[in-house]
file entry38.txt (compact mmCIF, C-alpha atoms)
# COMPACT_ATOMS: atom_id res chain seq x y z
CA MET L 1 8.96 1.28 -25.96
CA GLN L 2 5.92 2.89 -27.51
CA THR L 3 4.49 3.55 -24.03
CA GLU L 4 7.69 5.23 -22.99
CA GLN L 5 7.57 7.44 -26.08
CA LYS L 6 3.93 8.34 -25.40
CA ASN L 7 4.70 9.19 -21.81
CA GLY L 8 7.61 11.32 -22.96
CA SER L 9 5.45 13.21 -25.43
CA LEU L 10 2.73 13.72 -22.86
CA THR L 11 5.17 15.04 -20.33
CA LYS L 12 6.65 17.39 -22.89
CA ALA L 13 3.20 18.66 -23.91
CA THR L 14 2.20 19.19 -20.30
CA ALA L 15 5.38 21.11 -19.59
CA ILE L 16 4.85 23.34 -22.63
CA ALA L 17 1.23 23.98 -21.63
CA LEU L 18 2.26 24.89 -18.10
CA LEU L 19 4.91 27.24 -19.43
CA ILE L 20 2.39 29.00 -21.67
CA ALA L 21 -0.09 29.29 -18.80
CA LEU L 22 2.54 30.72 -16.48
CA THR L 23 3.67 33.20 -19.10
CA THR L 24 0.08 34.33 -19.69
CA LEU L 25 -0.47 34.69 -15.97
CA VAL L 26 2.60 36.84 -15.36
CA LEU L 27 2.44 38.98 -18.52
CA PHE L 28 -1.30 39.57 -18.89
CA ILE L 29 -3.56 38.37 -16.09
CA LEU L 30 -1.69 39.65 -13.01
CA PRO L 31 -1.24 43.20 -14.44
CA ALA L 32 -4.86 43.53 -15.58
CA GLU L 33 -6.66 41.95 -12.65
CA TYR L 34 -4.40 42.58 -9.68
CA ASN L 35 -2.11 45.43 -10.78
CA ILE L 36 0.94 43.19 -10.30
CA ASP L 37 3.35 43.79 -13.15
CA PRO L 38 6.78 42.35 -12.37
CA THR L 39 8.03 42.47 -15.97
CA GLY L 40 6.59 45.90 -16.99
CA VAL L 41 4.97 44.35 -20.05
CA GLY L 42 1.47 44.92 -18.67
CA ALA L 43 2.02 48.67 -18.36
CA LYS L 44 3.44 48.88 -21.88
CA LEU L 45 0.42 47.02 -23.22
CA GLY L 46 -1.94 49.34 -21.28
CA LEU L 47 -3.37 46.58 -19.12
CA THR L 48 -2.75 48.35 -15.78
CA VAL L 49 -4.98 51.26 -16.80
CA PHE L 50 -8.02 49.46 -15.33
CA ASN L 51 -6.54 49.58 -11.83
CA GLU L 52 -5.35 53.19 -12.23
CA GLN L 53 -8.87 54.28 -13.11
CA GLN L 54 -10.29 52.54 -10.05
CA SER L 55 -7.85 54.28 -7.75
CA ASN L 56 -8.96 57.68 -9.17
CA THR L 57 -12.37 57.17 -7.60
CA SER L 58 -11.42 58.66 -4.24
CA ILE L 59 -13.85 59.37 -1.42
CA GLU L 60 -13.90 61.54 1.70
CA GLN L 61 -16.73 61.25 4.20
CA ALA L 62 -17.79 63.34 7.17
CA SER L 63 -20.78 63.64 9.46
CA ASP L 64 -21.91 66.20 12.02
CA GLY L 65 -24.47 63.86 13.55
CA GLU L 66 -27.38 65.31 11.60
CA GLN L 67 -26.09 65.60 8.06
CA ASP L 68 -23.65 63.42 6.15
CA MET L 69 -21.23 64.74 3.62
CA VAL L 70 -19.11 62.96 1.08
CA VAL L 71 -16.74 64.10 -1.64
CA VAL L 72 -16.25 61.64 -4.46
CA THR L 73 -14.15 61.83 -7.60
CA VAL L 74 -15.65 60.87 -10.94
CA PRO L 75 -12.76 59.86 -13.22
CA ALA L 76 -12.55 61.38 -16.68
CA GLY L 77 -14.67 59.46 -19.17
CA LYS L 78 -16.12 57.23 -16.45
CA GLY L 79 -19.17 56.90 -14.25
CA ILE L 80 -19.61 56.09 -10.56
CA GLU L 81 -22.49 55.32 -8.23
CA TYR L 82 -23.07 56.37 -4.64
CA LYS L 83 -25.98 54.65 -2.90
CA LEU L 84 -28.06 54.61 0.25
CA ALA L 85 -29.99 51.64 1.59
CA MET L 86 -33.55 52.76 2.32
CA GLN L 87 -36.77 51.10 3.38
CA GLN L 88 -39.95 51.78 1.42
CA TYR L 89 -41.31 55.31 2.03
CA GLN L 90 -38.21 56.51 3.87
CA LYS L 91 -37.08 59.99 2.83
CA ALA L 92 -33.73 61.57 2.10
CA ASN L 93 -32.82 65.22 1.52
CA TYR L 94 -29.77 66.00 -0.55
CA GLN L 95 -27.73 68.55 -2.36
CA TRP L 96 -24.71 67.92 -4.53
CA MET L 97 -22.38 70.10 -6.51
CA THR L 98 -19.29 69.66 -8.63
CA ASP L 99 -16.14 71.70 -8.68
CA GLY L 100 -17.47 73.45 -11.80
CA THR L 101 -17.99 70.79 -14.48
CA SER L 102 -21.43 69.52 -15.49
CA LEU L 103 -22.09 65.82 -15.09
CA TYR L 104 -24.77 63.51 -16.38
CA VAL L 105 -26.71 62.31 -13.35
CA ASP L 106 -29.33 59.64 -12.81
CA LEU L 107 -30.90 59.58 -9.34
CA HIS L 108 -32.47 56.15 -9.20
CA GLY L 109 -33.41 53.15 -7.08
CA GLU L 110 -32.89 49.41 -7.38
CA PRO L 111 -35.22 47.03 -5.50
CA LYS L 112 -33.64 44.94 -2.80
CA GLY L 113 -32.87 41.43 -3.96
CA ASP L 114 -33.56 42.18 -7.59
CA THR L 115 -31.51 40.16 -10.04
CA THR L 116 -33.07 41.37 -13.28
CA GLY L 117 -31.18 44.65 -13.37
CA TYR L 118 -34.39 46.67 -12.98
CA PHE L 119 -34.07 50.22 -11.70
CA GLU L 120 -36.34 53.27 -11.52
CA SER L 121 -35.02 56.73 -12.33
CA TYR L 122 -36.32 59.63 -10.24
CA THR L 123 -34.28 62.39 -11.87
CA ILE L 124 -32.12 62.45 -15.00
CA ALA L 125 -30.22 65.60 -15.87
CA THR L 126 -26.92 67.14 -16.86
CA ALA L 127 -25.92 69.72 -14.28
CA GLU L 128 -23.19 70.92 -11.98
CA GLU L 129 -25.40 71.10 -8.92
CA MET L 130 -28.75 69.88 -7.71
CA SER L 131 -30.77 69.75 -4.51
CA GLY L 132 -34.00 68.18 -3.42
CA SER L 133 -35.49 65.21 -1.64
CA PHE L 134 -36.95 61.87 -2.55
CA THR L 135 -39.08 59.20 -0.92
CA ALA L 136 -38.10 55.61 -1.63
CA PRO L 137 -40.94 53.91 -3.55
CA PHE L 138 -39.57 50.50 -2.56
CA THR L 139 -37.01 48.99 -0.22
CA GLY L 140 -33.63 48.87 -1.87
CA SER L 141 -30.56 50.75 -2.94
CA HIS L 142 -31.16 54.40 -3.90
CA GLY L 143 -28.76 57.05 -5.02
CA TRP L 144 -26.82 58.72 -7.78
CA TYR L 145 -25.01 57.67 -10.90
CA TRP L 146 -22.76 60.42 -12.23
CA ARG L 147 -21.04 60.18 -15.58
CA ASN L 148 -18.13 62.42 -16.46
CA ASP L 149 -17.90 63.02 -20.20
CA SER L 150 -15.05 65.49 -19.87
CA ASP L 151 -11.36 64.76 -20.10
CA LYS L 152 -10.58 65.69 -16.48
CA ASP L 153 -11.51 64.09 -13.18
CA VAL L 154 -14.40 65.88 -11.49
CA GLN L 155 -15.07 66.09 -7.75
CA VAL L 156 -18.61 65.99 -6.39
CA GLN L 157 -19.65 67.01 -2.90
CA VAL L 158 -22.89 65.47 -1.64
CA ILE L 159 -24.61 66.64 1.54
CA PHE L 160 -27.53 64.53 2.65
CA SER L 161 -29.74 63.73 5.62
CA GLY L 162 -32.80 61.64 6.38
CA GLU L 163 -33.59 57.97 6.85
CA TYR L 164 -31.03 55.62 5.32
CA THR L 165 -27.94 53.49 5.80
CA ILE L 166 -24.97 54.52 3.74
CA GLU L 167 -23.88 51.89 1.24
CA GLY L 168 -21.35 54.18 -0.40
CA LEU L 169 -19.56 53.79 -3.72
CA LYS L 170 -20.69 50.91 -5.88
CA MET M 171 -77.95 98.33 -6.09
CA LYS M 172 -75.20 100.78 -5.11
CA LYS M 173 -74.77 99.07 -1.76
CA PHE M 174 -74.54 95.71 -3.51
CA LEU M 175 -71.86 96.99 -5.87
CA GLY M 176 -70.01 98.51 -2.96
CA LEU M 177 -70.08 95.18 -1.16
CA ILE M 178 -68.74 93.37 -4.24
CA LEU M 179 -65.92 95.92 -4.55
CA ALA M 180 -65.02 95.57 -0.87
CA LEU M 181 -64.94 91.77 -1.12
CA THR M 182 -62.74 91.97 -4.24
CA CYS M 183 -60.27 94.22 -2.47
CA PHE M 184 -60.23 91.94 0.55
CA ILE M 185 -59.48 88.86 -1.55
CA SER M 186 -56.84 90.71 -3.58
CA SER M 187 -55.03 91.87 -0.46
CA ALA M 188 -54.72 88.24 0.67
CA VAL M 189 -53.02 87.38 -2.64
CA PHE M 190 -50.55 90.25 -2.33
CA ALA M 191 -49.82 89.34 1.26
CA HIS M 192 -49.00 85.78 0.19
CA GLY M 193 -46.64 87.16 -2.45
CA GLY M 194 -44.73 89.03 0.25
CA ALA M 195 -44.39 85.99 2.52
CA HIS M 196 -41.83 84.28 0.25
CA GLY M 197 -38.28 85.37 1.09
CA SER M 198 -38.76 85.65 4.85
CA ILE M 199 -36.75 83.23 6.94
CA ASP M 200 -36.50 82.59 10.65
CA ASN M 201 -33.62 81.85 13.03
CA LEU M 202 -33.76 78.11 12.40
CA LYS M 203 -33.55 78.55 8.66
CA ALA M 204 -30.68 81.02 9.00
CA VAL M 205 -28.72 78.50 11.06
CA SER M 206 -29.46 75.78 8.54
CA VAL M 207 -28.24 77.99 5.69
CA ALA M 208 -25.08 78.85 7.57
CA GLN M 209 -24.34 75.23 8.47
CA ASN M 210 -24.91 74.10 4.91
CA ALA M 211 -22.75 76.90 3.60
CA ALA M 212 -19.96 75.85 5.94
CA LYS M 213 -20.01 72.36 4.45
CA THR M 214 -20.11 73.70 0.91
CA LEU M 215 -17.23 76.07 1.57
CA THR M 216 -15.03 73.17 2.63
CA PHE M 217 -15.43 71.96 -0.95
CA ARG M 218 -15.35 75.07 -3.11
CA ALA M 219 -15.41 78.86 -3.00
CA MET M 220 -18.82 80.52 -3.48
CA PRO M 221 -19.63 83.56 -5.58
CA THR M 222 -21.69 86.21 -3.84
CA GLN M 223 -22.80 89.83 -4.07
CA VAL M 224 -22.24 92.42 -1.35
CA ASN M 225 -23.74 95.90 -1.80
CA GLY M 226 -24.07 95.24 -5.51
CA GLN M 227 -20.46 94.19 -5.86
CA ARG M 228 -19.60 90.65 -6.95
CA SER M 229 -17.14 88.85 -4.74
CA THR M 230 -16.07 85.35 -3.74
CA ILE M 231 -16.29 83.65 -0.38
CA GLU M 232 -13.13 81.58 -0.12
CA LYS M 233 -12.92 77.96 0.94
CA ILE M 234 -12.63 77.15 4.64
CA ASP M 235 -10.99 74.34 6.58
CA LYS M 236 -12.37 70.83 6.00
CA SER M 237 -13.05 70.37 9.69
CA TRP M 238 -16.03 72.72 9.34
CA ALA M 239 -17.96 69.89 7.68
CA LYS M 240 -18.21 68.15 11.04
CA VAL M 241 -19.45 71.12 13.08
CA SER M 242 -22.99 70.38 14.25
CA ALA M 243 -25.91 72.80 14.32
CA GLU M 244 -25.62 73.39 18.07
CA HIS M 245 -22.41 75.34 17.40
CA PHE M 246 -24.25 77.79 15.14
CA THR M 247 -26.20 80.59 16.86
CA VAL M 248 -27.92 83.71 15.59
CA VAL M 249 -26.23 86.71 17.23
CA ASN M 250 -27.86 89.51 15.30
CA GLU M 251 -30.96 90.09 13.19
CA PHE M 252 -31.57 93.24 11.19
CA GLU M 253 -34.32 93.85 8.64
CA GLY M 254 -34.80 90.14 7.99
CA SER M 255 -31.06 89.41 7.61
CA PHE M 256 -29.17 87.29 10.10
CA LYS M 257 -25.66 87.11 11.44
CA VAL M 258 -24.88 83.56 12.55
CA LYS M 259 -21.92 82.84 14.77
CA ALA M 260 -20.25 79.45 14.37
CA VAL M 261 -17.54 77.98 16.55
CA ASN M 262 -15.21 75.24 15.37
CA ALA M 263 -13.53 73.86 18.46
CA ALA M 264 -11.35 71.47 16.45
CA ILE M 265 -9.27 74.29 15.03
CA ASN M 266 -10.25 77.00 17.53
CA GLU M 267 -11.86 79.16 14.84
CA THR M 268 -14.98 81.34 14.93
CA LEU M 269 -16.75 82.52 11.80
CA TYR M 270 -19.76 84.75 11.24
CA PHE M 271 -22.12 83.88 8.39
CA LYS M 272 -24.33 86.68 7.08
CA VAL M 273 -27.57 85.32 5.64
CA ASN M 274 -30.04 87.62 3.88
CA SER M 275 -33.82 87.59 4.21
CA GLU M 276 -34.12 85.27 1.20
CA GLY M 277 -31.99 82.60 2.84
CA LEU M 278 -28.87 83.25 0.77
CA LEU M 279 -25.38 83.43 2.18
CA VAL M 280 -23.96 86.90 1.63
CA GLU M 281 -20.70 86.99 3.49
CA VAL M 282 -18.45 85.07 5.87
CA LEU M 283 -16.49 87.12 8.38
CA THR M 284 -13.97 86.34 11.06
CA LYS M 285 -15.40 88.93 13.47

call {"tool": "encode", "arguments": {"input": "entry38.txt", "output": "structure tokens"}}
result
Amino acid sequence: MQTEQKNGSLTKATAIALLIALTTLVLFILPAEYNIDPTGVGAKLGLTVFNEQQSNTSIEQASDGEQDMVVVTVPAGKGIEYKLAMQQYQKANYQWMTDGTSLYVDLHGEPKGDTTGYFESYTIATAEEMSGSFTAPFTGSHGWYWRNDSDKDVQVQVIFSGEYTIEGLK
Amino acid sequence: MKKFLGLILALTCFISSAVFAHGGAHGSIDNLKAVSVAQNAAKTLTFRAMPTQVNGQRSTIEKIDKSWAKVSAEHFTVVNEFEGSFKVKAVNAAINETLYFKVNSEGLLVEVLTK
């Protein structure tokens, strides 16, 4: 009798726990992580904004065989990275420009295989255009971090050539 | 003594002329550079219009078709050179369009024409 009551309570508790987990999954986790919002509650709570911001980071790429060109969008209030994989002492030439708005930029490199988060900045500035070249001091991932402090999305065109493999947006 | 001073003066003038000559060398470009400027400008113009100055008047070079970003250097050729300025012809077979990029002696794009 007591065992039956215990089993009954346990089953009830398990069912309640499962119901809570399912509710949490549908109302909060699916909208925030996967942009799946069947009930509309996620949008009302502002949870789908994370996926909307990711989709604003658009990219167009082109190449003429000698130079590569890419146009990326830096969402308002956000930052993005565009990187090239380069061996030590390889060189890249570049120029980039925005559609008129200044951006904070950090041209930097991260050593290959590094897990400490170390990076070395080559140029830090706030500008709407820049051109130059750099030689990779170590093998790794090298490129630009742009941060858009304005309230509108900003497009950036980058034209580059040299010795690298394109990693792209990170 | 006078000959010595004369020699010093001559040497000073000779060295000075080398400095002035170096100052004049900046701003001169060659065919290769003109083509490079034109090709780069074509890419830039697929992204945004460019301000420029023609005969002292400010103007804007309008954006061009995005397909120009993929036109390689071999499709850009210098067709005219006058007083250090270059006229570079570029052919975009993808859209059957020909443009002429005028690049000045300092390597700056001045104008883009259709003929």

call {"tool": "residues_around", "arguments": {"input": "entry38.txt", "residues": "Ala76 (chain L)", "least_positions_apart": "5", "cutoff": "6 Å", "atoms": "all atoms listed in the file", "output": "list of chain:residue names"}}
result
L:Asn148, L:Ser150, L:Asp151, L:Lys152, L:Asp153

call {"tool": "axis_aligned_box", "arguments": {"input": "entry38.txt", "around": "region 173-186 of chain M", "padding_each_side": "4 Å", "output": "lines of an AutoDock Vina configuration file"}}
result
center_x = -65.8
center_y = 94.0
center_z = -2.7
size_x = 25.9
size_y = 18.2
size_z = 14.4

call {"tool": "closest_residue", "arguments": {"input": "entry38.txt", "among": "M:Lys203, M:Lys240, M:Lys213, M:Arg228", "to": "chain L", "atoms": "only C-alpha atoms"}}
result
M:Lys240

call {"tool": "closest_atom_pairs", "arguments": {"input": "entry38.txt", "of": "chain M", "to": "chain L", "cutoff": "8 Å", "atoms": "only C-alpha atoms", "output": "Markdown table"}}
result
| residue | atom | partner | partner_atom | distance |
| --- | --- | --- | --- | --- |
| M:Lys213 | CA | L:Met69 | CA | 7.8 |
| M:Thr214 | CA | L:Gln157 | CA | 7.7 |
| M:Phe217 | CA | L:Gln157 | CA | 6.8 |
| M:Arg218 | CA | L:Asp99 | CA | 6.6 |
| M:Ala239 | CA | L:Ala62 | CA | 6.6 |
| M:Lys240 | CA | L:Asp64 | CA | 4.3 |
| M:Val241 | CA | L:Asp64 | CA | 5.6 |
| M:Ser242 | CA | L:Asp64 | CA | 4.9 |

call {"tool": "atom_distance", "arguments": {"input": "entry38.txt", "atom1": "CA of Glu163 (chain L)", "atom2": "CA of Gln88 (chain L)"}}
result
10.4 Å

call {"tool": "residues_around", "arguments": {"input": "entry38.txt", "residues": "Leu107 (chain L)", "least_positions_apart": "6", "cutoff": "12 Å", "atoms": "all atoms listed in the file", "output": "ChimeraX atom specification"}}
result
/L:80-84,92,94-96,119-126,130-136,141-147

call {"tool": "atom_distance", "arguments": {"input": "entry38.txt", "atom1": "CA of Phe138 (chain L)", "atom2": "CA of Tyr104 (chain L)"}}
result
24.1 Å

call {"tool": "atom_distance", "arguments": {"input": "entry38.txt", "atom1": "CA of Glu267 (chain M)", "atom2": "CA of Asn250 (chain M)"}}
result
19.1 Å

call {"tool": "residues_around", "arguments": {"input": "entry38.txt", "residues": "Pro38 (chain L)", "least_positions_apart": "4", "cutoff": "10 Å", "atoms": "all atoms listed in the file", "output": "list in words"}}
result
Val26, Leu27, Leu30, Pro31, Gly42 and Ala43 of chain L

call {"tool": "decode", "arguments": {"input": "entry38.txt", "residues": "region 267-280 of chain M", "atoms": "all heavy atoms", "output": "PDB file, in the first residue's frame"}}
result
ATOM      1  N   GLU M 267      29.737  45.893 -71.191  1.00  0.00           N
ATOM      2  CA  GLU M 267      29.890  47.328 -70.919  1.00  0.00           C
ATOM      3  C   GLU M 267      31.363  47.704 -70.976  1.00  0.00           C
ATOM      4  O   GLU M 267      32.228  46.941 -70.517  1.00  0.00           O
ATOM      5  CB  GLU M 267      29.326  47.662 -69.535  1.00  0.00           C
ATOM      6  CG  GLU M 267      29.324  49.148 -69.196  1.00  0.00           C
ATOM      7  CD  GLU M 267      28.690  49.439 -67.843  1.00  0.00           C
ATOM      8  OE1 GLU M 267      28.889  48.662 -66.895  1.00  0.00           O
ATOM      9  OE2 GLU M 267      27.992  50.466 -67.739  1.00  0.00           O
ATOM     10  N   THR M 268      31.642  48.869 -71.531  1.00  0.00           N
ATOM     11  CA  THR M 268      33.008  49.403 -71.580  1.00  0.00           C
ATOM     12  C   THR M 268      33.032  50.739 -70.869  1.00  0.00           C
ATOM     13  O   THR M 268      32.171  51.596 -71.117  1.00  0.00           O
ATOM     14  CB  THR M 268      33.479  49.586 -73.034  1.00  0.00           C
ATOM     15  OG1 THR M 268      33.473  48.313 -73.684  1.00  0.00           O
ATOM     16  CG2 THR M 268      34.884  50.157 -73.079  1.00  0.00           C
ATOM     17  N   LEU M 269      33.997  50.911 -69.983  1.00  0.00           N
ATOM     18  CA  LEU M 269      34.158  52.172 -69.259  1.00  0.00           C
ATOM     19  C   LEU M 269      35.584  52.686 -69.436  1.00  0.00           C
ATOM     20  O   LEU M 269      36.505  51.915 -69.682  1.00  0.00           O
ATOM     21  CB  LEU M 269      33.871  51.996 -67.770  1.00  0.00           C
ATOM     22  CG  LEU M 269      32.446  51.637 -67.371  1.00  0.00           C
ATOM     23  CD1 LEU M 269      32.353  51.399 -65.861  1.00  0.00           C
ATOM     24  CD2 LEU M 269      31.475  52.737 -67.782  1.00  0.00           C
ATOM     25  N   TYR M 270      35.726  53.980 -69.325  1.00  0.00           N
ATOM     26  CA  TYR M 270      37.041  54.618 -69.423  1.00  0.00           C
ATOM     27  C   TYR M 270      37.323  55.349 -68.118  1.00  0.00           C
ATOM     28  O   TYR M 270      36.566  56.232 -67.713  1.00  0.00           O
ATOM     29  CB  TYR M 270      37.082  55.592 -70.604  1.00  0.00           C
ATOM     30  CG  TYR M 270      36.919  54.907 -71.940  1.00  0.00           C
ATOM     31  CD1 TYR M 270      35.657  54.643 -72.455  1.00  0.00           C
ATOM     32  CD2 TYR M 270      38.044  54.499 -72.659  1.00  0.00           C
ATOM     33  CE1 TYR M 270      35.507  53.993 -73.671  1.00  0.00           C
ATOM     34  CE2 TYR M 270      37.899  53.850 -73.883  1.00  0.00           C
ATOM     35  CZ  TYR M 270      36.630  53.598 -74.377  1.00  0.00           C
ATOM     36  OH  TYR M 270      36.486  52.942 -75.588  1.00  0.00           O
ATOM     37  N   PHE M 271      38.416  54.955 -67.471  1.00  0.00           N
ATOM     38  CA  PHE M 271      38.790  55.536 -66.180  1.00  0.00           C
ATOM     39  C   PHE M 271      39.934  56.529 -66.411  1.00  0.00           C
ATOM     40  O   PHE M 271      40.984  56.165 -66.932  1.00  0.00           O
ATOM     41  CB  PHE M 271      39.268  54.440 -65.211  1.00  0.00           C
ATOM     42  CG  PHE M 271      38.194  53.456 -64.846  1.00  0.00           C
ATOM     43  CD1 PHE M 271      37.827  52.438 -65.714  1.00  0.00           C
ATOM     44  CD2 PHE M 271      37.543  53.541 -63.623  1.00  0.00           C
ATOM     45  CE1 PHE M 271      36.837  51.523 -65.376  1.00  0.00           C
ATOM     46  CE2 PHE M 271      36.555  52.641 -63.280  1.00  0.00           C
ATOM     47  CZ  PHE M 271      36.203  51.636 -64.154  1.00  0.00           C
ATOM     48  N   LYS M 272      39.707  57.769 -66.012  1.00  0.00           N
ATOM     49  CA  LYS M 272      40.757  58.783 -66.141  1.00  0.00           C
ATOM     50  C   LYS M 272      41.477  58.889 -64.802  1.00  0.00           C
ATOM     51  O   LYS M 272      40.869  59.200 -63.776  1.00  0.00           O
ATOM     52  CB  LYS M 272      40.154  60.130 -66.548  1.00  0.00           C
ATOM     53  CG  LYS M 272      39.617  60.122 -67.975  1.00  0.00           C
ATOM     54  CD  LYS M 272      39.066  61.477 -68.380  1.00  0.00           C
ATOM     55  CE  LYS M 272      40.145  62.453 -68.758  1.00  0.00           C
ATOM     56  NZ  LYS M 272      39.610  63.729 -69.271  1.00  0.00           N
ATOM     57  N   VAL M 273      42.788  58.627 -64.866  1.00  0.00           N
ATOM     58  CA  VAL M 273      43.632  58.637 -63.665  1.00  0.00           C
ATOM     59  C   VAL M 273      44.671  59.734 -63.826  1.00  0.00           C
ATOM     60  O   VAL M 273      45.355  59.794 -64.843  1.00  0.00           O
ATOM     61  CB  VAL M 273      44.330  57.268 -63.487  1.00  0.00           C
ATOM     62  CG1 VAL M 273      45.192  57.264 -62.231  1.00  0.00           C
ATOM     63  CG2 VAL M 273      43.299  56.149 -63.421  1.00  0.00           C
ATOM     64  N   ASN M 274      44.790  60.611 -62.821  1.00  0.00           N
ATOM     65  CA  ASN M 274      45.749  61.713 -62.953  1.00  0.00           C
ATOM     66  C   ASN M 274      47.167  61.267 -62.598  1.00  0.00           C
ATOM     67  O   ASN M 274      47.401  60.114 -62.201  1.00  0.00           O
ATOM     68  CB  ASN M 274      45.309  62.938 -62.143  1.00  0.00           C
ATOM     69  CG  ASN M 274      45.410  62.725 -60.639  1.00  0.00           C
ATOM     70  OD1 ASN M 274      46.014  61.755 -60.165  1.00  0.00           O
ATOM     71  ND2 ASN M 274      44.835  63.642 -59.896  1.00  0.00           N
ATOM     72  N   SER M 275      48.106  62.175 -62.736  1.00  0.00           N
ATOM     73  CA  SER M 275      49.521  61.837 -62.549  1.00  0.00           C
ATOM     74  C   SER M 275      49.845  61.454 -61.112  1.00  0.00           C
ATOM     75  O   SER M 275      50.877  60.854 -60.840  1.00  0.00           O
ATOM     76  CB  SER M 275      50.406  63.024 -62.973  1.00  0.00           C
ATOM     77  OG  SER M 275      50.069  64.166 -62.202  1.00  0.00           O
ATOM     78  N   GLU M 276      48.953  61.789 -60.179  1.00  0.00           N
ATOM     79  CA  GLU M 276      49.191  61.427 -58.774  1.00  0.00           C
ATOM     80  C   GLU M 276      48.530  60.100 -58.410  1.00  0.00           C
ATOM     81  O   GLU M 276      48.511  59.716 -57.248  1.00  0.00           O
ATOM     82  CB  GLU M 276      48.669  62.539 -57.869  1.00  0.00           C
ATOM     83  CG  GLU M 276      49.459  63.835 -58.024  1.00  0.00           C
ATOM     84  CD  GLU M 276      48.874  64.971 -57.207  1.00  0.00           C
ATOM     85  OE1 GLU M 276      47.837  64.756 -56.549  1.00  0.00           O
ATOM     86  OE2 GLU M 276      49.445  66.061 -57.237  1.00  0.00           O
ATOM     87  N   GLY M 277      47.961  59.424 -59.404  1.00  0.00           N
ATOM     88  CA  GLY M 277      47.360  58.125 -59.128  1.00  0.00           C
ATOM     89  C   GLY M 277      45.958  58.205 -58.550  1.00  0.00           C
ATOM     90  O   GLY M 277      45.517  57.279 -57.879  1.00  0.00           O
ATOM     91  N   LEU M 278      45.280  59.313 -58.796  1.00  0.00           N
ATOM     92  CA  LEU M 278      43.916  59.479 -58.290  1.00  0.00           C
ATOM     93  C   LEU M 278      42.914  59.368 -59.439  1.00  0.00           C
ATOM     94  O   LEU M 278      43.155  59.889 -60.530  1.00  0.00           O
ATOM     95  CB  LEU M 278      43.757  60.838 -57.600  1.00  0.00           C
ATOM     96  CG  LEU M 278      44.641  61.069 -56.377  1.00  0.00           C
ATOM     97  CD1 LEU M 278      44.507  62.497 -55.885  1.00  0.00           C
ATOM     98  CD2 LEU M 278      44.275  60.090 -55.265  1.00  0.00           C
ATOM     99  N   LEU M 279      41.812  58.712 -59.164  1.00  0.00           N
ATOM    100  CA  LEU M 279      40.768  58.610 -60.177  1.00  0.00           C
ATOM    101  C   LEU M 279      40.065  59.955 -60.301  1.00  0.00           C
ATOM    102  O   LEU M 279      39.652  60.549 -59.305  1.00  0.00           O
ATOM    103  CB  LEU M 279      39.750  57.538 -59.781  1.00  0.00           C
ATOM    104  CG  LEU M 279      38.620  57.334 -60.781  1.00  0.00           C
ATOM    105  CD1 LEU M 279      39.136  56.645 -62.031  1.00  0.00           C
ATOM    106  CD2 LEU M 279      37.492  56.514 -60.154  1.00  0.00           C
ATOM    107  N   VAL M 280      39.952  60.431 -61.529  1.00  0.00           N
ATOM    108  CA  VAL M 280      39.341  61.738 -61.764  1.00  0.00           C
ATOM    109  C   VAL M 280      37.928  61.604 -62.323  1.00  0.00           C
ATOM    110  O   VAL M 280      37.011  62.317 -61.912  1.00  0.00           O
ATOM    111  CB  VAL M 280      40.214  62.554 -62.740  1.00  0.00           C
ATOM    112  CG1 VAL M 280      39.536  63.869 -63.099  1.00  0.00           C
ATOM    113  CG2 VAL M 280      41.585  62.813 -62.142  1.00  0.00           C
TER     114      VAL M 280
END
